[in-house]
Amino acid sequence: MQDRQSIHGSWASRWTFILAATGSSVGLGNIWKFPYIAGENGGGAFVLMYLVCIALVGIPIMMAEVLLGRRGRQSPVNTLKDMAIEIGTTKRWAWIGLCGVAAGIMILSFYSVVSGWVIAYVVYAAEGTFTGAGVEQIGKVFNDLLADPQELVLWHTLFMIVVAGTVARGVNKGLEAGIRVLMPMLFALLLLLLVYAITAGDFAAGWDFMFHVDFGALSWEAVLIAMGHAFFTLSLGMGSIMVYGSYMPKKASIGGTVLTVAGLDTLVALIAGLAIFPLVFGNQLDPGAGPGLMLVTLPVAFGNMAGGQIFGFLFFAMVAIAAWSSAISLLEPVVAYVVERYKIGRTSACVILSGFVWVLGVGALGSFNFGSDWSFFGFNFFDLLDFMTANIMLPLGGLLVCIFTGWWVGKKITADELNMKSELVFNSWFFVVRFIAPVAVAIVFIANLWQKFAG
Ligand code: TRP
């Protein structure tokens, strides 16, 4: 199965793969989720654990996903199945892919709701709602949005239509041009926010919060959340990166490509944090404010800087586009699988699946209004979807990918796909995939179970 092509399309070059994978990984995870969970989990020590997980678990698994995808050239489910057949073992390895299909649907449902908040903010910024506004006024804008299910449904629906429409056309069309221009723009606007935070916020307090490490404050649950986020932010554990790998040209080098993507992703998250926390402390806000953190702090900056109306509009528009390029990578592996399995067209698959996601999303947005008293194991529905996927399903998927790659697929095939110049680098990667990454994930899982039930 050396030189197969995917039936779903292929990237024009290695550069397109970098753009697409960066588009997938840079998204709400970096700008919305990372700052708020770092805030909830006490900052420094949590940030350090997140960085360790990116380096030790995330990057090696990302390489494994890309290499499996590129060799299999199908949806993650069938890629894993064919790889298992190729090496003569049980086809049950394909279940990792099926778990990913479920995770993709669940993540996309609340991801679309949050993307909807961002779209609402594009409109508010353009209307000048934030101009001159203080923190209380902005807090009220956000709470009013959450309290209005109709408005939330409207934006969630719009986002899902755009995402389903893009995936129906095929992800290799249109994505490249969009990302090539818009990603650098998002980056420039983040730097603008950073400069504002340095000059107008309490930068020293923000910096200290993010980088002063105090392990005393770190619980095993916080380590699990940091590890789960490493998977979430790099789009690992459910097949996004694997399916994008399946459209990657054979000759491109996987190692360097993955390092570029992970490096850019981490940079964006750190800059987002460094822009948000100085504003949090400068305005006496609570770093543990929860999912609304970015939406109650950043408008303060746009409301008070010169040209803030236009910059605010552009910024939220860029964040919405980053969310779009991530969301299509959540839907793609699911659609690719359904097309292969049921032999239906891409468009029908997109309509059916996004309808499903839409319904779940309406349940998720209900957590902030009509369903605010629904409780599942102490979580509301929105948090349940997030916790189950990011902290359980994705790390579990990643753990199994490591075991499959390191112990079953083995050295010969992986060396052939990675085709690295340095044997030392290859052997280190292989060792991490075989031992370090799976053991690290297992320890974090076990420590959490222990603390829940025995501690
Ligand atoms: N990584 C994206 C973000 O940070 C979200 C995302 C895209 C994702 N594909 C994924 C998360 C697959 C988990 C699994 O916004």
# chains A, B, ... in the order shown; residues from 1 in each chain; ligands from 1
$ residues_near_ligand --ligand "ligand 1" --cutoff "8 Å" --atoms "only C-alpha atoms and all ligand atoms" --output "tab-separated table (two decimals) with C-alpha atoms, in the first residue's frame"
chain	number	residue	atom	x	y	z
A	24	SER	CA	-6.84	22.76	12.43
A	25	SER	CA	-4.79	23.17	15.57
A	26	VAL	CA	-4.92	26.94	16.02
A	27	GLY	CA	-8.44	27.80	17.04
A	28	LEU	CA	-10.66	28.40	20.03
A	29	GLY	CA	-8.47	25.99	21.97
A	30	ASN	CA	-5.64	28.52	21.93
A	31	ILE	CA	-7.47	31.80	22.29
A	33	LYS	CA	-9.93	27.67	26.11
A	103	ALA	CA	-15.48	12.48	19.97
A	104	GLY	CA	-15.52	14.59	16.80
A	107	ILE	CA	-16.52	18.34	20.36
A	111	TYR	CA	-17.23	24.16	19.62
A	231	PHE	CA	-4.51	16.84	22.82
A	232	PHE	CA	-7.31	19.31	22.24
A	233	THR	CA	-5.13	22.18	21.07
A	234	LEU	CA	-3.06	20.01	18.71
A	235	SER	CA	-6.22	18.32	17.33
A	236	LEU	CA	-4.99	14.89	18.43
A	237	GLY	CA	-6.67	11.72	19.58
A	238	MET	CA	-9.72	11.76	17.34
A	239	GLY	CA	-8.39	11.59	13.79
A	240	SER	CA	-8.24	15.23	12.61
A	241	ILE	CA	-4.51	15.14	12.09
A	322	ALA	CA	-9.63	30.22	13.01
A	323	ALA	CA	-12.58	28.41	14.62
A	326	SER	CA	-10.50	23.96	13.15
A	327	ALA	CA	-14.12	22.90	12.97
A	328	ILE	CA	-13.80	21.54	9.44
A	329	SER	CA	-11.04	19.25	10.70
A	330	LEU	CA	-13.42	17.95	13.35
A	389	THR	CA	-13.89	14.42	25.12
A	390	ALA	CA	-10.80	16.47	26.03
A	394	LEU	CA	-8.77	12.14	23.30
$ select_by_dssp --residues "stretch 278-390 of chain A" --states "helix (DSSP H, G or I)" --output "ChimeraX atom specification"
/A:278-282,293-304,308-342,346-366,381-390
$ closest_residue --among "A:Gly397, A:Gly366, A:Gly43, A:Gly23" --to "A:Val213" --atoms "only C-alpha atoms"
A:Gly43
$ closest_atom_pairs --of "stretch 172-265 of chain A" --to "stretch 59-73 of chain A" --cutoff "6 Å" --atoms "only C-alpha atoms" --output "tab-separated table"
residue	atom	partner	partner_atom	distance
A:Met242	CA	A:Gly69	CA	4.5
A:Val243	CA	A:Gly69	CA	5.8
A:Gly245	CA	A:Val66	CA	4.4
A:Ser246	CA	A:Arg70	CA	4.1
$ write_last_selection --atoms "N, CA, C and O atoms" --output "mmCIF file, in the first residue's frame"
data_model
loop_
_atom_site.group_PDB
_atom_site.id
_atom_site.type_symbol
_atom_site.label_atom_id
_atom_site.label_comp_id
_atom_site.auth_asym_id
_atom_site.auth_seq_id
_atom_site.Cartn_x
_atom_site.Cartn_y
_atom_site.Cartn_z
ATOM 1 N N MET A 242 -4.808 12.767 11.661
ATOM 2 C CA MET A 242 -4.606 11.550 10.869
ATOM 3 C C MET A 242 -5.239 11.700 9.487
ATOM 4 O O MET A 242 -4.639 11.362 8.479
ATOM 5 N N VAL A 243 -6.436 12.244 9.446
ATOM 6 C CA VAL A 243 -7.098 12.370 8.137
ATOM 7 C C VAL A 243 -6.380 13.421 7.294
ATOM 8 O O VAL A 243 -6.233 13.261 6.077
ATOM 9 N N GLY A 245 -3.230 13.969 7.461
ATOM 10 C CA GLY A 245 -2.021 13.262 7.029
ATOM 11 C C GLY A 245 -2.290 12.395 5.809
ATOM 12 O O GLY A 245 -1.419 12.196 4.958
ATOM 13 N N SER A 246 -3.517 11.887 5.710
ATOM 14 C CA SER A 246 -3.829 11.003 4.588
ATOM 15 C C SER A 246 -3.878 11.757 3.260
ATOM 16 O O SER A 246 -3.870 11.147 2.199
#
$ residues_around --residues "A:Phe430" --least-positions-apart "3" --cutoff "12 Å" --atoms "only C-alpha atoms" --output "PyMOL selection string"
chain A and resi 56+60-61+63-64+402-407+409-415+418+420+423-427+433-438
$ atom_distance --atom1 "atom CA of A:Glu176" --atom2 "atom CA of A:Val338"
24.4 Å
